[in-house]
file run.txt (compact mmCIF, C-alpha atoms and all ligand atoms)
# COMPACT_ATOMS: atom_id res chain seq x y z
CA MET U 269 0.00 0.00 0.00
CA SER U 270 1.28 3.45 -0.84
CA LEU U 271 2.63 5.74 1.86
CA LEU U 272 0.92 8.59 0.11
CA VAL U 273 -2.37 7.55 1.68
CA ARG U 274 -2.86 10.15 4.38
CA PRO U 275 -2.43 8.57 7.82
CA GLN U 276 -4.70 11.19 9.41
CA ILE U 277 -7.52 10.12 7.12
CA GLN U 278 -6.87 6.48 7.89
CA ASN U 279 -6.83 7.38 11.56
CA ASN U 280 -10.48 8.28 11.42
CA VAL U 281 -12.10 6.18 8.73
CA GLY U 282 -15.88 6.61 8.77
CA GLY U 283 -15.61 8.29 12.16
CA VAL U 284 -13.96 5.21 13.73
CA GLN U 285 -10.73 6.07 15.53
CA VAL U 286 -7.80 3.75 14.89
CA LYS U 287 -6.69 1.94 18.06
CA LYS U 288 -3.65 3.47 19.73
CA VAL U 289 -0.39 1.54 19.64
CA LYS U 290 0.94 0.70 23.10
CA VAL U 291 4.60 1.40 23.61
CA GLY U 292 7.17 0.41 26.24
CA ILE U 293 10.40 2.40 26.60
CA ILE U 294 13.66 0.70 27.61
CA GLY U 295 16.42 3.12 28.64
CA CYS U 296 15.38 6.16 30.68
CA GLY U 297 18.44 8.42 30.31
CA ASN U 298 19.05 11.86 28.80
CA ILE U 299 17.26 11.49 25.51
CA SER U 300 14.24 9.65 26.90
CA SER U 301 12.22 12.73 27.96
CA VAL U 302 11.50 13.79 24.40
CA TYR U 303 10.23 10.27 23.63
CA PHE U 304 8.00 10.30 26.72
CA GLU U 305 6.60 13.61 25.42
CA ALA U 306 5.88 11.93 22.06
CA GLY U 307 3.19 9.98 23.89
CA SER U 308 1.14 13.14 24.29
CA LYS U 309 2.27 14.78 21.00
CA PHE U 310 1.25 11.96 18.67
CA ASN U 311 -2.32 10.64 18.98
CA ILE U 312 -1.54 7.14 17.87
CA LEU U 313 1.02 6.45 20.61
CA GLU U 314 0.31 5.41 24.17
CA ILE U 315 3.32 4.87 26.40
CA VAL U 316 2.28 2.30 28.97
CA ALA U 317 5.54 1.22 30.62
CA CYS U 318 9.20 2.06 30.99
CA ALA U 319 12.25 0.15 32.17
CA ASP U 320 15.94 0.73 32.83
CA LEU U 321 18.82 -1.25 34.29
CA ASP U 322 18.56 1.40 36.99
CA LEU U 323 14.95 0.98 38.15
CA ALA U 324 14.99 4.30 40.02
CA ARG U 325 15.53 6.12 36.69
CA ALA U 326 12.51 4.38 35.20
CA GLN U 327 10.46 5.21 38.29
CA ASP U 328 11.44 8.90 38.08
CA LYS U 329 10.41 9.11 34.41
CA ALA U 330 7.16 7.24 35.08
CA GLU U 331 6.30 9.74 37.76
CA GLU U 332 7.29 12.78 35.70
CA PHE U 333 5.39 11.69 32.58
CA HIS U 334 2.48 9.85 34.24
CA ILE U 335 3.42 6.45 32.81
CA PRO U 336 1.38 3.69 34.49
CA LYS U 337 4.23 1.21 34.99
CA ALA U 338 7.99 1.34 35.76
CA CYS U 339 9.50 -2.12 35.80
CA SER U 340 12.40 -4.39 34.89
CA VAL U 341 13.31 -5.04 31.25
CA GLU U 342 12.03 -8.63 31.64
CA GLU U 343 8.64 -7.48 32.91
CA LEU U 344 8.28 -4.93 30.14
CA LEU U 345 9.07 -7.50 27.47
CA ALA U 346 6.59 -9.95 28.99
CA ASP U 347 3.73 -7.41 28.91
CA PRO U 348 1.31 -8.70 26.26
CA GLU U 349 -0.23 -5.23 25.76
CA ILE U 350 2.98 -3.69 24.43
CA GLU U 351 3.32 -3.71 20.65
CA ILE U 352 6.42 -1.53 20.15
CA VAL U 353 9.54 -1.50 22.31
CA VAL U 354 11.43 1.78 22.09
CA ASN U 355 15.14 1.14 22.67
CA LEU U 356 16.88 4.19 24.16
CA THR U 357 19.80 2.37 25.72
CA ILE U 358 23.45 3.15 25.00
CA PRO U 359 24.80 2.04 21.58
CA SER U 360 26.57 -1.05 22.95
CA ALA U 361 23.21 -2.37 24.23
CA HIS U 362 21.14 -1.54 21.14
CA ALA U 363 21.54 -4.91 19.38
CA GLU U 364 20.78 -6.99 22.47
CA ILE U 365 17.64 -5.02 23.38
CA HIS U 366 16.37 -5.02 19.78
CA MET U 367 16.79 -8.81 19.61
CA ARG U 368 15.15 -9.42 22.97
CA ALA U 369 12.20 -7.23 21.97
CA LEU U 370 11.77 -9.13 18.70
CA GLU U 371 12.08 -12.49 20.47
CA ALA U 372 9.28 -11.31 22.76
CA GLY U 373 7.14 -10.71 19.65
CA LYS U 374 7.35 -6.89 19.71
CA HIS U 375 8.06 -4.43 16.94
CA THR U 376 11.18 -2.46 17.85
CA TYR U 377 12.29 1.14 17.28
CA GLY U 378 15.50 2.59 18.68
CA GLU U 379 17.92 5.44 18.87
CA LYS U 380 20.84 5.45 16.44
CA PRO U 381 22.85 3.53 15.54
CA LEU U 382 20.68 0.48 14.82
CA ALA U 383 23.57 -1.62 16.20
CA ILE U 384 27.30 -1.12 16.34
CA GLU U 385 28.29 -4.15 14.26
CA LEU U 386 26.86 -4.83 10.81
CA GLU U 387 26.47 -8.54 11.61
CA ASP U 388 24.26 -7.73 14.61
CA ALA U 389 22.13 -5.39 12.52
CA GLN U 390 21.78 -8.10 9.84
CA ARG U 391 20.65 -10.59 12.49
CA ILE U 392 18.05 -8.13 13.80
CA LEU U 393 16.60 -7.42 10.36
CA ALA U 394 16.54 -11.08 9.29
CA PHE U 395 14.86 -12.21 12.50
CA ALA U 396 12.27 -9.40 12.33
CA LYS U 397 11.48 -10.32 8.74
CA SER U 398 11.05 -13.98 9.63
CA LYS U 399 8.54 -13.01 12.34
CA GLY U 400 6.71 -10.32 10.35
CA LEU U 401 7.79 -7.62 12.81
CA LEU U 402 8.91 -4.06 12.03
CA VAL U 403 12.25 -2.49 12.93
CA GLY U 404 12.75 1.27 12.98
CA SER U 405 15.61 3.52 13.97
CA ALA U 406 16.53 7.13 14.54
CA PRO U 407 17.58 9.47 13.14
CA ASP U 408 14.16 10.75 12.19
CA THR U 409 15.23 14.38 11.88
CA PHE U 410 15.04 13.95 8.09
CA LEU U 411 11.26 13.84 8.57
CA GLY U 412 11.30 17.35 10.06
CA GLY U 413 10.13 20.47 8.25
CA GLY U 414 13.65 21.61 7.27
CA ILE U 415 14.76 18.54 5.35
CA GLN U 416 11.26 17.69 4.08
CA THR U 417 11.18 21.17 2.50
CA CYS U 418 14.51 20.43 0.80
CA ARG U 419 13.20 17.07 -0.35
CA LYS U 420 10.16 18.75 -1.91
CA LEU U 421 12.33 21.32 -3.68
CA ILE U 422 14.49 18.53 -5.12
CA ASP U 423 11.52 16.31 -6.03
CA ASP U 424 9.80 19.26 -7.72
CA GLY U 425 12.88 19.97 -9.82
CA TRP U 426 14.02 23.29 -8.36
CA ILE U 427 17.71 22.34 -8.59
CA GLY U 428 17.36 20.00 -11.56
CA LYS U 429 19.17 16.66 -11.33
CA PRO U 430 21.33 16.44 -8.19
CA ILE U 431 24.97 16.06 -9.20
CA ALA U 432 26.99 16.85 -6.08
CA ALA U 433 26.65 17.25 -2.34
CA SER U 434 28.77 18.18 0.64
CA ALA U 435 28.33 17.63 4.36
CA CYS U 436 30.38 19.08 7.17
CA MET U 437 30.07 18.47 10.91
CA MET U 438 33.17 19.82 12.59
CA SER U 439 33.58 20.84 16.22
CA ARG U 440 36.07 20.50 19.06
CA GLY U 441 34.00 17.68 20.55
CA PRO U 442 31.47 17.28 23.34
CA GLU U 443 33.88 17.44 26.32
CA SER U 444 33.26 21.18 26.70
CA PHE U 445 29.60 20.63 27.59
CA HIS U 446 29.18 16.91 28.45
CA PRO U 447 30.31 16.07 31.99
CA ASN U 448 30.97 12.38 31.10
CA PRO U 449 32.00 12.35 27.44
CA ASP U 450 34.11 9.15 27.61
CA PHE U 451 31.55 6.97 25.81
CA LEU U 452 31.46 9.43 22.92
CA TYR U 453 35.12 8.58 22.22
CA GLN U 454 34.65 4.81 22.25
CA LYS U 455 33.81 2.33 19.48
CA GLY U 456 30.31 2.95 18.17
CA ALA U 457 30.57 6.70 18.80
CA GLY U 458 33.09 9.37 17.73
CA PRO U 459 31.89 12.01 15.29
CA MET U 460 31.00 9.52 12.52
CA PHE U 461 28.83 7.13 14.53
CA ASP U 462 27.41 9.72 16.92
CA ILE U 463 26.59 12.60 14.55
CA GLY U 464 27.28 11.11 11.11
CA PRO U 465 23.92 9.28 11.01
CA TYR U 466 22.04 12.60 10.81
CA TYR U 467 24.10 13.73 7.81
CA LEU U 468 24.10 10.39 6.02
CA ALA U 469 20.36 9.87 6.59
CA ALA U 470 19.77 13.34 5.11
CA PHE U 471 21.95 12.48 2.10
CA VAL U 472 20.16 9.18 1.43
CA ASN U 473 16.75 10.79 1.90
CA LEU U 474 17.57 13.71 -0.42
CA ILE U 475 19.69 11.99 -3.08
CA GLY U 476 19.28 8.24 -2.64
CA PRO U 477 21.41 5.21 -1.74
CA VAL U 478 25.18 5.09 -2.20
CA ARG U 479 27.09 2.55 -4.30
CA ARG U 480 30.68 3.11 -3.15
CA ILE U 481 32.67 5.26 -0.78
CA ALA U 482 36.22 6.14 0.19
CA GLY U 483 37.36 7.32 3.57
CA ALA U 484 40.33 8.67 5.49
CA ALA U 485 40.15 8.53 9.27
CA GLN U 486 42.53 9.58 12.01
CA THR U 487 42.67 9.70 15.79
CA THR U 488 44.28 13.12 16.13
CA PHE U 489 44.55 13.22 19.94
CA HIS U 490 44.86 9.98 21.89
CA GLU U 491 43.82 11.56 25.16
CA ARG U 492 41.21 14.25 25.83
CA MET U 493 40.27 16.31 28.87
CA VAL U 494 36.83 17.21 30.23
CA THR U 495 36.55 21.00 30.09
CA CYS U 496 33.26 21.51 31.92
CA GLU U 497 32.17 21.08 35.51
CA PRO U 498 31.88 19.00 37.63
CA ASN U 499 34.69 16.89 36.09
CA TYR U 500 36.87 19.72 34.71
CA GLY U 501 40.44 18.50 34.16
CA ARG U 502 39.72 14.76 34.15
CA LYS U 503 41.62 13.07 31.31
CA PHE U 504 40.34 10.07 29.39
CA PRO U 505 41.52 7.91 26.47
CA VAL U 506 40.27 8.16 22.88
CA GLU U 507 39.44 4.79 21.32
CA THR U 508 37.92 5.72 17.97
CA PRO U 509 38.91 8.02 15.06
CA THR U 510 37.91 11.64 15.64
CA HIS U 511 38.44 13.17 12.19
CA ILE U 512 36.94 11.34 9.22
CA SER U 513 36.65 12.58 5.65
CA GLY U 514 35.01 10.64 2.88
CA THR U 515 33.64 10.67 -0.62
CA LEU U 516 30.41 9.03 -1.72
CA GLU U 517 29.22 7.92 -5.14
CA PHE U 518 25.44 7.74 -5.13
CA GLU U 519 23.59 5.14 -7.19
CA ASN U 520 22.11 7.96 -9.31
CA GLY U 521 25.60 9.20 -10.24
CA ALA U 522 25.85 12.20 -7.88
CA ILE U 523 29.11 12.62 -5.94
CA GLY U 524 29.23 13.65 -2.29
CA THR U 525 31.83 14.57 0.29
CA ILE U 526 31.54 14.42 4.07
CA THR U 527 33.75 15.42 6.98
CA THR U 528 32.89 14.65 10.60
CA SER U 529 35.30 15.85 13.25
CA PHE U 530 35.66 16.40 16.98
CA ASP U 531 39.10 17.96 16.40
CA VAL U 532 38.61 21.49 15.03
CA TRP U 533 38.08 24.81 16.78
CA GLY U 534 35.77 26.40 14.26
CA THR U 535 34.32 26.25 10.76
CA ARG U 536 32.13 28.33 8.49
CA SER U 537 31.29 25.46 6.16
CA PRO U 538 27.55 24.87 5.76
CA ASN U 539 26.11 21.70 7.25
CA ILE U 540 24.91 20.33 3.92
CA GLU U 541 24.78 21.65 0.36
CA ILE U 542 23.16 19.87 -2.57
CA HIS U 543 24.05 20.99 -6.08
CA GLY U 544 21.97 20.20 -9.14
CA THR U 545 22.04 20.91 -12.85
CA GLU U 546 19.71 23.92 -12.35
CA GLY U 547 20.58 25.24 -8.91
CA SER U 548 22.01 24.76 -5.43
CA LEU U 549 20.39 24.18 -2.08
CA ILE U 550 21.66 24.91 1.42
CA VAL U 551 20.13 22.34 3.75
CA PRO U 552 19.71 23.17 7.46
CA ASP U 553 21.40 21.30 10.30
CA PRO U 554 20.26 17.66 9.91
CA ASN U 555 20.53 17.18 13.68
CA GLN U 556 17.52 19.52 14.03
CA PHE U 557 13.97 19.34 12.69
CA GLY U 558 13.62 22.90 11.38
CA GLY U 559 16.19 25.50 10.29
CA THR U 560 16.53 27.76 7.29
CA VAL U 561 16.61 26.60 3.69
CA TYR U 562 18.35 28.63 0.97
CA LEU U 563 18.02 28.13 -2.76
CA LYS U 564 20.01 29.58 -5.66
CA ARG U 565 18.78 28.78 -9.13
CA ARG U 566 20.79 29.54 -12.26
CA ASP U 567 18.88 32.83 -12.74
CA TYR U 568 19.12 34.07 -9.11
CA ALA U 569 21.88 36.57 -8.30
CA GLU U 570 22.08 35.33 -4.71
CA PHE U 571 20.77 32.54 -2.51
CA LYS U 572 17.18 33.20 -1.42
CA GLU U 573 15.55 31.93 1.75
CA VAL U 574 12.71 29.48 1.09
CA PRO U 575 9.85 29.37 3.61
CA LEU U 576 9.45 25.91 5.10
CA THR U 577 6.67 23.97 3.42
CA HIS U 578 6.35 21.24 6.06
CA GLY U 579 5.52 20.99 9.74
CA PHE U 580 7.45 19.39 12.61
CA THR U 581 10.09 22.11 12.86
CA SER U 582 10.75 21.94 16.62
CA ASN U 583 12.26 18.96 18.45
CA SER U 584 9.98 16.18 17.19
CA ARG U 585 12.03 13.11 18.06
CA GLY U 586 9.60 10.21 17.90
CA LEU U 587 8.25 11.22 14.50
CA GLY U 588 9.72 8.06 12.97
CA LEU U 589 8.14 6.03 15.78
CA MET U 590 4.77 7.64 15.15
CA ASP U 591 5.10 6.84 11.44
CA MET U 592 5.90 3.22 12.32
CA ALA U 593 2.84 3.01 14.59
CA TYR U 594 0.62 4.11 11.68
CA ALA U 595 2.34 1.55 9.47
CA ILE U 596 1.46 -1.19 11.98
CA ARG U 597 -2.20 -0.16 12.07
CA ASN U 598 -2.58 0.52 8.35
CA GLY U 599 -0.36 -2.21 6.92
CA THR U 600 1.81 0.38 5.15
CA GLU U 601 5.55 0.89 4.98
CA HIS U 602 7.29 3.34 7.28
CA ARG U 603 10.09 5.76 6.56
CA ALA U 604 12.82 5.49 9.24
CA ASP U 605 12.89 1.73 8.74
CA GLY U 606 15.50 -0.93 9.36
CA GLU U 607 16.62 -1.16 5.74
CA PHE U 608 17.30 2.58 5.60
CA ALA U 609 19.11 2.53 9.00
CA TYR U 610 21.19 -0.46 7.89
CA HIS U 611 22.36 1.32 4.74
CA VAL U 612 23.38 4.34 6.82
CA LEU U 613 25.22 2.03 9.26
CA GLU U 614 27.04 0.34 6.39
CA LEU U 615 28.19 3.71 5.08
CA MET U 616 29.66 4.65 8.46
CA HIS U 617 31.57 1.37 8.62
CA GLY U 618 32.57 1.75 5.00
CA PHE U 619 34.53 4.96 5.65
CA PHE U 620 36.59 3.18 8.31
CA ILE U 621 37.11 0.03 6.22
CA SER U 622 38.18 2.10 3.21
CA SER U 623 40.58 4.10 5.37
CA GLU U 624 42.13 0.93 6.83
CA GLU U 625 42.38 -0.93 3.51
CA GLY U 626 43.37 2.06 1.39
CA LYS U 627 40.77 1.40 -1.30
CA TYR U 628 37.13 2.09 -2.22
CA TYR U 629 34.46 0.32 -0.20
CA GLU U 630 31.64 -1.02 -2.38
CA THR U 631 28.38 -1.02 -0.45
CA LYS U 632 26.56 -4.33 -0.24
CA SER U 633 23.24 -2.89 0.86
CA THR U 634 20.86 -0.45 -0.72
CA CYS U 635 17.51 0.98 0.30
CA LYS U 636 14.54 2.86 -1.02
CA LYS U 637 14.42 6.64 -0.68
CA PRO U 638 11.80 7.08 2.08
CA GLU U 639 8.50 8.50 0.79
CA PRO U 640 8.25 12.25 1.51
CA PHE U 641 5.75 13.54 4.02
CA LEU U 642 2.64 15.26 2.71
CA LEU U 643 2.40 19.02 3.01
CA ASP U 644 -0.59 19.14 5.33
CA MET U 645 0.17 16.33 7.71
CA GLN U 646 0.80 18.42 10.81
CA LYS U 647 -1.92 20.97 10.13
CA ASN U 648 -4.50 18.18 10.04
CA GLY U 649 -3.58 16.90 13.47
CA PHE U 650 -1.44 13.98 12.28
N1 LIG A 1 21.53 12.53 24.79
C1 LIG A 1 21.30 13.02 23.59
O1 LIG A 1 21.24 14.25 23.39
C2 LIG A 1 21.04 12.12 22.43
C3 LIG A 1 20.63 12.71 21.25
C4 LIG A 1 20.32 11.90 20.18
C5 LIG A 1 20.48 10.55 20.30
N2 LIG A 1 20.93 9.97 21.46
C6 LIG A 1 21.07 8.52 21.50
O2 LIG A 1 20.19 7.98 22.46
C7 LIG A 1 20.74 6.83 23.08
C8 LIG A 1 20.75 7.03 24.57
O3 LIG A 1 21.50 8.19 24.86
P1 LIG A 1 21.35 8.95 26.24
O4 LIG A 1 22.10 10.21 26.10
O5 LIG A 1 19.95 8.96 26.69
O6 LIG A 1 22.20 7.94 27.16
P2 LIG A 1 22.12 7.80 28.73
O7 LIG A 1 23.39 7.13 29.15
O8 LIG A 1 21.75 9.09 29.37
O9 LIG A 1 20.88 6.80 28.95
C9 LIG A 1 20.89 5.45 28.59
C10 LIG A 1 20.05 4.67 29.60
O10 LIG A 1 19.97 3.32 29.17
C11 LIG A 1 20.11 2.49 30.30
N3 LIG A 1 20.61 1.20 29.83
C12 LIG A 1 21.83 0.92 29.32
N4 LIG A 1 21.90 -0.37 28.98
C13 LIG A 1 20.72 -0.92 29.28
C14 LIG A 1 20.17 -2.22 29.16
N5 LIG A 1 20.90 -3.24 28.67
N6 LIG A 1 18.91 -2.44 29.59
C15 LIG A 1 18.17 -1.43 30.10
N7 LIG A 1 18.63 -0.15 30.23
C16 LIG A 1 19.89 0.09 29.83
C17 LIG A 1 21.08 3.21 31.21
O11 LIG A 1 20.94 2.77 32.55
C18 LIG A 1 20.64 4.66 31.01
O12 LIG A 1 19.64 5.05 31.93
C19 LIG A 1 22.12 6.65 22.47
O13 LIG A 1 22.05 5.72 21.44
C20 LIG A 1 22.45 8.02 21.89
O14 LIG A 1 23.27 7.93 20.75
C21 LIG A 1 21.19 10.73 22.52

call {"tool": "encode", "arguments": {"input": "run.txt", "output": "structure tokens", "more": "lines below"}}
Ligand SMILES: NC(=O)c1ccc[n+]([C@@H]2O[C@H](COP(=O)([O-])OP(=O)(O)OC[C@H]3O[C@@H](n4cnc5c(N)ncnc54)[C@H](O)[C@@H]3O)[C@@H](O)[C@H]2O)c1
result
Amino acid sequence: MSLLVRPQIQNNVGGVQVKKVKVGIIGCGNISSVYFEAGSKFNILEIVACADLDLARAQDKAEEFHIPKACSVEELLADPEIEIVVNLTIPSAHAEIHMRALEAGKHTYGEKPLAIELEDAQRILAFAKSKGLLVGSAPDTFLGGGIQTCRKLIDDGWIGKPIAASACMMSRGPESFHPNPDFLYQKGAGPMFDIGPYYLAAFVNLIGPVRRIAGAAQTTFHERMVTCEPNYGRKFPVETPTHISGTLEFENGAIGTITTSFDVWGTRSPNIEIHGTEGSLIVPDPNQFGGTVYLKRRDYAEFKEVPLTHGFTSNSRGLGLMDMAYAIRNGTEHRADGEFAYHVLELMHGFFISSEEGKYYETKSTCKKPEPFLLDMQKNGF
């Protein structure tokens, strides 16, 4: 069934409201609050339980967000009411929690990355397929108003055929604001795995899948220091590359470049630019849902700001989860799906493999470009 069928119409066919999808959240840390809020933001979702290795954390969130049950992971997975498990654990636990949720017969949606290792992600997708269950993964920022506006401009031909793209995420790293940044310098994190998914998901959504890539990666500083309180001055080791540059050849022939870095003091490079045969597009920060879009066509003297055509421009994490819930009820496909997340994960690994082997990495996976959102989805109470 086509994704272009409006979910908000399907939500109320003949005046009959579609049954809410009951959700259990595993992992009640920093990012979880915005997902708990998704329960009241998106009609189709009902968050009925939460769990964490640290039960007190789950209890605190349950109290704050009026969730009926805080419990152990085992209890949550055994709850027959729950249809989707939302996996907000740390990256090294993503694969295990996804698999346990699927083994318990639940659909599963999680924070990025889908898993750290490609083999684990393959196992998750194969098992889900064999059981007829759905897998979804952040990032879902590409479903926000900023990037959906860019997608519409590209789909409607405003820049002609995309031929080139660039992405740049460079900073001096999270130790200046994160009190415990150690995990962000371990395997499965670093600038490519932690922030790269936003940029690569935007690329694949705007241009399409990638057929081969080349990468150069270095660990510039082997030790870092926390530069914010309360741990100011504490040193810690770096266990993953912190400056990665790569090139991408898209299946449609466009060529892209990307740099992700935690090593530089400043940059003026735009987050993402897409260049086409008829014009160029400046895409807003793909780690946000809104932002400002600029377009320069061949007959414009300068870039012009384009008003955003789509909704969901503030922090709307959970949008991909909401889309998956509608897919479950309506038997449709969903956008931030496992196949898409797997392709993004393979690209991240590919830059490292190419750097180590000194040659191009040919991707083994591909995916469909997710269907764009409709213009009036938010306005109509979607
Ligand atoms: N914090 C952010 O701003 C942010 C933004 C975007 C994405 N993310 C992603 O969200 C995920 C979580 O990040 P966070 O910042 O909330 O981390 P966090 O460390 O604050 O929270 C993770 C929680 O998961 C729990 N947990 C870990 N392993 C578990 C297991 N096996 N079973 C049950 N609970 C377990 C921990 O006890 C902790 O409460 C990560 O994948 C991260 O990349 C975080």

call {"tool": "residues_around", "arguments": {"input": "run.txt", "residues": "stretch 406-414 of chain U", "least_positions_apart": "2", "cutoff": "7 Å", "atoms": "only C-alpha atoms", "output": "PyMOL selection string"}}
result
chain U and resi 378-380+416-418+465-466+469-470+552+554-561+576-581+585+587-588+604

call {"tool": "residues_near_ligand", "arguments": {"input": "run.txt", "ligand": "ligand LIG 1 (chain A)", "cutoff": "6 Å", "atoms": "all atoms listed in the file", "output": "VMD selection string"}}
result
chain U and resid 294 to 300 320 to 322 356 to 359 361 379 to 380 462

call {"tool": "closest_residue", "arguments": {"input": "run.txt", "among": "U:Leu421, U:Ala346, U:Ala435, U:Ala396", "to": "U:Ile540", "atoms": "all atoms listed in the file"}}
result
U:Ala435

call {"tool": "closest_residue", "arguments": {"input": "run.txt", "among": "U:Arg440, U:His334, U:His617, U:His611", "to": "U:Cys635", "atoms": "only C-alpha atoms"}}
result
U:His611

call {"tool": "atom_distance", "arguments": {"input": "run.txt", "atom1": "atom CA of U:Tyr610", "atom2": "atom CA of U:Gln390"}}
result
7.9 Å

call {"tool": "closest_residue", "arguments": {"input": "run.txt", "among": "U:Ile427, U:Leu386, U:Leu615, U:Ala369", "to": "U:Tyr562", "atoms": "all atoms listed in the file"}}
result
U:Ile427

call {"tool": "residues_around", "arguments": {"input": "run.txt", "residues": "U:Pro459", "least_positions_apart": "2", "cutoff": "7 Å", "atoms": "only C-alpha atoms", "output": "short mmCIF file (atom, residue, chain, number, x, y, z; two decimals) with C-alpha atoms, keeping the file's coordinate frame"}}
result
data_model
loop_
_atom_site.label_atom_id
_atom_site.label_comp_id
_atom_site.auth_asym_id
_atom_site.auth_seq_id
_atom_site.Cartn_x
_atom_site.Cartn_y
_atom_site.Cartn_z
CA ALA U 457 30.57 6.70 18.80
CA PHE U 461 28.83 7.13 14.53
CA ASP U 462 27.41 9.72 16.92
CA ILE U 463 26.59 12.60 14.55
CA GLY U 464 27.28 11.11 11.11
CA THR U 510 37.91 11.64 15.64
CA THR U 528 32.89 14.65 10.60
CA SER U 529 35.30 15.85 13.25
CA PHE U 530 35.66 16.40 16.98
#

call {"tool": "atom_distance", "arguments": {"input": "run.txt", "atom1": "atom CA of U:Gly524", "atom2": "atom CA of U:Asp388"}}
result
27.7 Å

call {"tool": "closest_residue", "arguments": {"input": "run.txt", "among": "U:Tyr453, U:Phe489, U:Phe333, U:Phe518", "to": "U:Ala433", "atoms": "all atoms listed in the file"}}
result
U:Phe518

call {"tool": "residues_around", "arguments": {"input": "run.txt", "residues": "U:Ser548", "least_positions_apart": "6", "cutoff": "12 Å", "atoms": "all atoms listed in the file", "output": "PyMOL selection string"}}
result
chain U and resi 418+421-422+425-434+540-542+561-568+570-572

call {"tool": "residues_around", "arguments": {"input": "run.txt", "residues": "U:Arg419", "least_positions_apart": "5", "cutoff": "9 Å", "atoms": "only C-alpha atoms", "output": "list in words"}}
result
Gly414, Asp424, Asn473, Leu474, Ile475 and Pro640 of chain U

call {"tool": "atom_distance", "arguments": {"input": "run.txt", "atom1": "atom CA of U:Gly476", "atom2": "atom CA of U:Glu625"}}
result
25.6 Å

call {"tool": "residues_around", "arguments": {"input": "run.txt", "residues": "U:Gly618", "least_positions_apart": "2", "cutoff": "9 Å", "atoms": "all atoms listed in the file", "output": "JSON list (two decimals) with C-alpha atoms, in the frame of the given file"}}
result
[["chain", "number", "residue", "atom", "x", "y", "z"],
["U", 480, "ARG", "CA", 30.68, 3.11, -3.15],
["U", 481, "ILE", "CA", 32.67, 5.26, -0.78],
["U", 482, "ALA", "CA", 36.22, 6.14, 0.19],
["U", 483, "GLY", "CA", 37.36, 7.32, 3.57],
["U", 613, "LEU", "CA", 25.22, 2.03, 9.26],
["U", 614, "GLU", "CA", 27.04, 0.34, 6.39],
["U", 615, "LEU", "CA", 28.19, 3.71, 5.08],
["U", 616, "MET", "CA", 29.66, 4.65, 8.46],
["U", 620, "PHE", "CA", 36.59, 3.18, 8.31],
["U", 621, "ILE", "CA", 37.11, 0.03, 6.22],
["U", 622, "SER", "CA", 38.18, 2.10, 3.21],
["U", 623, "SER", "CA", 40.58, 4.10, 5.37],
["U", 628, "TYR", "CA", 37.13, 2.09, -2.22],
["U", 629, "TYR", "CA", 34.46, 0.32, -0.20],
["U", 630, "GLU", "CA", 31.64, -1.02, -2.38],
["U", 631, "THR", "CA", 28.38, -1.02, -0.45]]

call {"tool": "decode", "arguments": {"input": "run.txt", "residues": "stretch 481-491 of chain U", "atoms": "N, CA and C atoms", "output": "PDB file, in the first residue's frame"}}
result
ATOM      1  N   ILE U 481      32.128   4.140  -1.546  1.00  0.00           N
ATOM      2  CA  ILE U 481      32.667   5.256  -0.781  1.00  0.00           C
ATOM      3  C   ILE U 481      34.160   5.075  -0.559  1.00  0.00           C
ATOM      4  N   ALA U 482      34.811   6.186  -0.212  1.00  0.00           N
ATOM      5  CA  ALA U 482      36.218   6.139   0.187  1.00  0.00           C
ATOM      6  C   ALA U 482      36.359   6.985   1.442  1.00  0.00           C
ATOM      7  N   GLY U 483      37.221   6.576   2.325  1.00  0.00           N
ATOM      8  CA  GLY U 483      37.358   7.319   3.574  1.00  0.00           C
ATOM      9  C   GLY U 483      38.794   7.453   4.011  1.00  0.00           C
ATOM     10  N   ALA U 484      39.051   8.509   4.808  1.00  0.00           N
ATOM     11  CA  ALA U 484      40.333   8.673   5.490  1.00  0.00           C
ATOM     12  C   ALA U 484      39.995   9.059   6.924  1.00  0.00           C
ATOM     13  N   ALA U 485      40.530   8.305   7.876  1.00  0.00           N
ATOM     14  CA  ALA U 485      40.155   8.525   9.269  1.00  0.00           C
ATOM     15  C   ALA U 485      41.402   8.607  10.136  1.00  0.00           C
ATOM     16  N   GLN U 486      41.395   9.530  11.087  1.00  0.00           N
ATOM     17  CA  GLN U 486      42.531   9.582  12.010  1.00  0.00           C
ATOM     18  C   GLN U 486      42.075   9.883  13.436  1.00  0.00           C
ATOM     19  N   THR U 487      42.869   9.361  14.377  1.00  0.00           N
ATOM     20  CA  THR U 487      42.667   9.702  15.787  1.00  0.00           C
ATOM     21  C   THR U 487      43.722  10.757  16.088  1.00  0.00           C
ATOM     22  N   THR U 488      43.309  12.013  16.058  1.00  0.00           N
ATOM     23  CA  THR U 488      44.279  13.116  16.125  1.00  0.00           C
ATOM     24  C   THR U 488      44.901  13.234  17.519  1.00  0.00           C
ATOM     25  N   PHE U 489      44.074  13.110  18.543  1.00  0.00           N
ATOM     26  CA  PHE U 489      44.552  13.224  19.935  1.00  0.00           C
ATOM     27  C   PHE U 489      44.171  11.937  20.666  1.00  0.00           C
ATOM     28  N   HIS U 490      45.142  11.287  21.260  1.00  0.00           N
ATOM     29  CA  HIS U 490      44.861   9.983  21.887  1.00  0.00           C
ATOM     30  C   HIS U 490      44.332  10.110  23.309  1.00  0.00           C
ATOM     31  N   GLU U 491      44.381  11.322  23.826  1.00  0.00           N
ATOM     32  CA  GLU U 491      43.822  11.563  25.156  1.00  0.00           C
ATOM     33  C   GLU U 491      43.092  12.893  25.108  1.00  0.00           C
TER      34      GLU U 491
END
